[in-house]
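A quick write-up on the structure given underneath.
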Amino acid sequence: MLRVRIMPCSKLARNSKVGREGGEVSLPAGGRVRDLLREVGLFDEEVRRVQVNGKRARLDTSLKRNDVVRVEG
């Protein structure tokens with residue numbers, strides 16, 4: 001298992017289970033951004049931009065322990 005932090009922006013914050021403040025989420029090893037989105041109740045189609053640790057990323061980017069994921073819709 002790995003724990004990552006998600007920070008949804010704007011309307012995504014309202015639609016997600018973690019809200020405006022974001023939160024930590026546990027995923028199985030090998031989890032990807034797409035898996036994280038599903039875990040917090042967001043759909044791929046809602047997301048326009050993804051950053052992992054401040055760098056642009058894709059929905060299929062693999063996540064590592066303690067990554068910080070920022071998503072914008």
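Residues in the structure tokens are numbered from 1 in each chain, the chains being A, B, ... in the order shown, and ligands are numbered from 1 in the order shown.
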Expected answer as a list in words: helix (DSSP H, G or I) residues in region 18-61 of chain A: Val33, Arg34, Asp35, Leu36, Leu37, Arg38, Glu39, Asp44, Glu45 and Glu46 of chain A
Selection: 7 Å around Met1 (chain A), only C-alpha atoms, excl. self and same-chain fewer than 3 positions, as a list of chain:residue names: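 The filter keeps A:Ser26, A:Leu27, A:Pro28, A:Ala29.
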Point-to-point distance from CA of Asn66 (chain A) to CA of Val25 (chain A), Å rounded to tenths: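 Separation of CA of Asn66 (chain A) and CA of Val25 (chain A): 9.8 Å.
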Point-to-point distance from CA of Gly73 (chain A) to CA of Val47 (chain A), Å rounded to tenths: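 Distance reported for this atom pair: 4.4 Å.
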Residue nearest Gln51 (chain A) - candidates A:Arg5, A:Glu39, A:Lys17, A:Arg65, atoms counted: only C-alpha atoms: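 Of A:Arg5, A:Glu39, A:Lys17, A:Arg65, the one nearest Gln51 (chain A), counting only C-alpha atoms, is A:Arg5.
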Among the residues A:Val71, A:Asp60, A:Gly54, A:Leu36, the one that comes closest to Met7 (chain A) [using only C-alpha atoms]: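 Checking each candidate against Met7 (chain A), we get A:Val71 as the closest.
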Residues flagged strand (DSSP E) by DSSP in chain A, as number ranges by chain: A: 2-8, 23-27, 49-52, 55-57, 68-72
Using only C-alpha atoms: which of A:Val18, A:Lys11, A:Leu63, A:Arg56 has the shortest distance to Gly41 (chain A):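 Between A:Val18, A:Lys11, A:Leu63, A:Arg56, the residue approaching Gly41 (chain A) most closely is A:Val18.
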Polymer residues at most 9 Å from Pro8 (chain A), only C-alpha atoms, same-chain spacing of 6 or more positions, as a VMD selection string: chain A and resid 14 16 18 to 22 69 to 73
May I have the selected residues written with N, CA and C atoms, as an mmCIF file, in the first residue's frame?
```cif
data_model
loop_
_atom_site.group_PDB
_atom_site.id
_atom_site.type_symbol
_atom_site.label_atom_id
_atom_site.label_comp_id
_atom_site.auth_asym_id
_atom_site.auth_seq_id
_atom_site.Cartn_x
_atom_site.Cartn_y
_atom_site.Cartn_z
ATOM 1 N N ARG A 14 -15.344 20.391 -4.969
ATOM 2 C CA ARG A 14 -16.744 20.197 -4.562
ATOM 3 C C ARG A 14 -17.237 18.800 -4.899
ATOM 4 N N SER A 16 -15.359 15.992 -5.173
ATOM 5 C CA SER A 16 -14.564 14.884 -4.635
ATOM 6 C C SER A 16 -14.946 14.549 -3.205
ATOM 7 N N VAL A 18 -12.769 14.197 -0.874
ATOM 8 C CA VAL A 18 -11.810 14.815 0.043
ATOM 9 C C VAL A 18 -12.038 16.308 0.229
ATOM 10 N N GLY A 19 -12.844 16.924 -0.621
ATOM 11 C CA GLY A 19 -13.174 18.333 -0.456
ATOM 12 C C GLY A 19 -12.047 19.289 -0.795
ATOM 13 N N ARG A 20 -12.281 20.537 -0.429
ATOM 14 C CA ARG A 20 -11.378 21.626 -0.799
ATOM 15 C C ARG A 20 -9.983 21.513 -0.173
ATOM 16 N N GLU A 21 -9.912 20.962 1.013
ATOM 17 C CA GLU A 21 -8.630 20.837 1.713
ATOM 18 C C GLU A 21 -7.785 19.697 1.187
ATOM 19 N N GLY A 22 -8.372 18.817 0.386
ATOM 20 C CA GLY A 22 -7.645 17.650 -0.081
ATOM 21 C C GLY A 22 -7.514 16.636 1.031
ATOM 22 N N VAL A 69 -0.548 14.981 -5.444
ATOM 23 C CA VAL A 69 -1.211 15.067 -6.744
ATOM 24 C C VAL A 69 -2.183 16.236 -6.714
ATOM 25 N N ARG A 70 -2.022 17.133 -7.679
ATOM 26 C CA ARG A 70 -2.915 18.283 -7.809
ATOM 27 C C ARG A 70 -3.688 18.105 -9.108
ATOM 28 N N VAL A 71 -4.996 18.214 -9.029
ATOM 29 C CA VAL A 71 -5.826 18.064 -10.224
ATOM 30 C C VAL A 71 -6.704 19.292 -10.419
ATOM 31 N N GLU A 72 -6.839 19.690 -11.675
ATOM 32 C CA GLU A 72 -7.674 20.838 -12.026
ATOM 33 C C GLU A 72 -8.694 20.403 -13.065
ATOM 34 N N GLY A 73 -9.881 20.991 -12.966
ATOM 35 C CA GLY A 73 -10.939 20.625 -13.903
ATOM 36 C C GLY A 73 -11.391 21.769 -14.737
#
```
Between CA of Arg58 (chain A) and CA of Asp35 (chain A) - distance in Å to one decimal: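 Calculated distance between CA of Asp35 (chain A) and CA of Arg58 (chain A) is 11.9 Å.
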Residue nearest Asn15 (chain A) among A:Leu59, A:Glu46, A:Leu2, A:Val52 (counting only C-alpha atoms):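 Among A:Leu59, A:Glu46, A:Leu2, A:Val52, it is A:Glu46 that comes nearest to Asn15 (chain A).
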